[in-house]
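> This is the structure I want to talk about, given as structure tokens.
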Amino acid sequence: MLRRQGKSRRQIKEILGIGNSTLNQLLRGEPLPPERAGPGYAESRRRAAEGVRRYWAAEHAAREAVRVAISTAAAAQVGELTDREILIAGAVAYWCEGAKSKPYRVDEYVRFINSDPALIRLFLRFLDKPGVSRERVRYRVLIHESADVEAATRYWASVTAAAPHQFNRPVLKRHTPRTSRPDGNVDYHGCLHVSVVKSSGLYRDISGWAHGVIAAKRSEHENVPRT
Amino acid sequence: MRTSRELDELREQAVALRRVGKSVDQIKQILGPIGNRTLHDALRGEPPPEWTRRPNAKDDLRARARELRLHGLDYEEIVAQLGVSKSSVSLWVRDLPRPQRIVPEECAMRISERMRRYWAAERPVRAARRAAASAAVAATIGDLTDREILIAGAVAYWCEGAKNKPYRRVDRVTFANSDPELISFFLLFLDTVGIPRWDLAFQLQIHETADVASAERFWLVLTGARPGQFCKTFLKPDNPVTTRKNTSDTYHGCLRVDVRRSCELYRKIEGWVSAVTRVAEAPDYMPLNSEEVWHREIAPGEGFEPPLRGPKPLVLPLDDPGLPARPTLPGSQPA
């Protein structure tokens, strides 16, 4: 009724002492106030949206360029890696993503699981350093049952350059549609489980390197320019 | 050469010693050099003392062993009680009836008990050996240069940190982990890339059933941060259905490390990681066209497939003009 008298939302709220959402409920179905009802209002909204779109069309590219420039410069700063650096990187990656022996489950067996193909390949490259033959590596795709298992296996085969017989039976995760999964897009290939047979000695080596790295001190001799 | 008189004296002494119960060996030792023949001549007619007939007999132990066996003990137990060898026990009691076999439950219990005792001793030995092996390898790493810390830290971030997704871009450095060593290392990495410690914010994430206060102290000490840098601890509601194993007093929850104003650092980390993962993209690393491999027929005997076992040919086809020429293996001489 107040709205019909030409009162604004704010005035109605003050008079009735109610909140925004209550007011929305009350006003549902009421015609818009005269100042928003005319064609001029819709036009100004359209123009504002257009302006924002144009702003971001230019700005997005510019910001993206800045972002890429920073990343590229950082990548160039690292450049080529020595063997020791590959070893360090791989051991740290394993310590983060690989299976570790626990006090309640002593189990020394090299297993690395990830969905990021770059990390998988880094780990495989790292395995070359201690001289692990690719013949000793086994793969297993872990994936939701609703995804395309065959395509995912092909995808991981192309990432790892592995022969088909190195792939063990895939593990299918039961699909629970209750959870909303943003991963359910075309880029979803599940996880790859990389294991090395007869690897307890290798496990101890990796655990040694990883501990050596994460417990290490900063060298005082060599000074690389800070970033 | 002894005179006959000396020989007589020797004989008398030998007989005397024999009569007080010495054995032949003992007489020889007492009298000094004397030939077997001389001694035996001298002792002819003297009966040997009784004790030399069965010098090592353990008649009492034998009787005890038989008694124990009749009580149903097994060889091992008799050996343990009497301190004799198992083969002796066997000789003594083998004619007695075998005791009733133990019931399988008892048997299983004994086995598990022995296993338990074995592993109680063996486990720490092996753990020490493993730890020593790892420690020796760890020592080969030594100190890290700044560049190495940068590489290792970036990789650790890429594994454990928050990353942009196709559906969510934030460009912010957030690292969460439960491993105190890894957290310390990440802080070292942040020091190395020049992030001041006051730009860090921490949050402890822990199960509500754990000792929250002591975990908070633990991380406060480990990070050396001011209490004000810690946000309110996140308590995970306990799910009574799952059985968590990580509940010992080494469980301190997860620590989340947020870096303020870290947009630029995030992008740099992205760059460093891409440089690291690029080593796996090097041309020498892409050995084969995997599509080709994937479609290749697997020969019998390759892979997990068992080799084909066809019937053996009875007669080898020799120089059959209908057969294609055999391919010569590289290195082998053609006939």
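Chain labels A, B, ... are given in the sequence in which chains occur in the structure tokens; within each chain residues are numbered consecutively from 1, and ligands are likewise numbered from 1 in the order shown.
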Report the closest atom pair, with its distance in Å rounded to one decimal, for each residue of chain B that has an atom no farther than 6 Å from chain A; count only C-alpha atoms, sort by chain and then rising residue number, and write it as CSV.


```
residue,atom,partner,partner_atom,distance
B:Ser134,CA,A:Gly208,CA,4.2
B:Ala135,CA,A:Gly208,CA,5.8
B:Val137,CA,A:Gly208,CA,4.9
B:Ala138,CA,A:Gly212,CA,4.1
B:Ile141,CA,A:Gly212,CA,5.4
B:Asp143,CA,A:Ser219,CA,5.0
B:Leu144,CA,A:Ser219,CA,5.2
B:Thr145,CA,A:Ser219,CA,5.1
B:Asp146,CA,A:Val224,CA,5.9
B:Ala152,CA,A:Ala89,CA,5.2
B:Cys159,CA,A:Cys96,CA,5.9
B:Phe185,CA,A:Ile214,CA,5.2
B:Val193,CA,A:Thr227,CA,5.6
B:Arg267,CA,A:Ser71,CA,5.2
B:Lys268,CA,A:Ser71,CA,5.0
B:Glu270,CA,A:Ser71,CA,6.0
B:Gly271,CA,A:Ser71,CA,4.0
B:Trp272,CA,A:Ala75,CA,4.8
B:Ala275,CA,A:Ala75,CA,4.8
B:Thr277,CA,A:Leu122,CA,5.5
B:Ala280,CA,A:Leu122,CA,5.3
B:Ser290,CA,A:Ala161,CA,5.1
B:Gly303,CA,A:His165,CA,4.9
```

> Applying 6 Å and only C-alpha atoms, which residues near segment 231-242 of chain B remain after dropping the ones on its own chain fewer than 2 positions away? List them as a list in words.

Gln203, Leu204, Gln205, Ile206, His207 and Glu208 of chain B

> One decimal, in Å: what's the spacing between atom CA of His71 of chain B and atom CA of Pro99 of chain B?

7.9 Å

> As a PyMOL selection string, list the residues of segment 88-180 of chain A assigned to strand (DSSP E) by DSSP on the backbone atoms of this structure.

chain A and resi 111-114+137-144+171-173

> Skipping near chain neighbours, those fewer than 4 positions away, what residues fall within 12 Å of Asp59 of chain B using only C-alpha atoms, listed as a ChimeraX atom specification?

/B:54-55,63-66,88-89,92

> Please produce an output containing C-alpha atoms for each residue in the selection, written as a compact mmCIF listing (two decimals), in the first residue's frame.


```txt
# COMPACT_ATOMS: atom_id res chain seq x y z
CA ARG B 54 80.20 -95.09 31.24
CA PRO B 55 82.00 -91.86 31.99
CA ALA B 63 65.12 -90.80 34.18
CA ARG B 64 63.88 -87.23 34.65
CA ALA B 65 63.37 -86.86 30.91
CA ARG B 66 61.30 -90.01 30.72
CA SER B 88 69.69 -87.03 23.68
CA VAL B 89 66.10 -86.51 24.70
CA TRP B 92 65.94 -91.50 25.77
```

> Could you state the separation of atom CA of Ala57 of chain B and atom CA of Arg94 of chain B in Å, given to one decimal place?

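These two atoms are separated by 17.6 Å.
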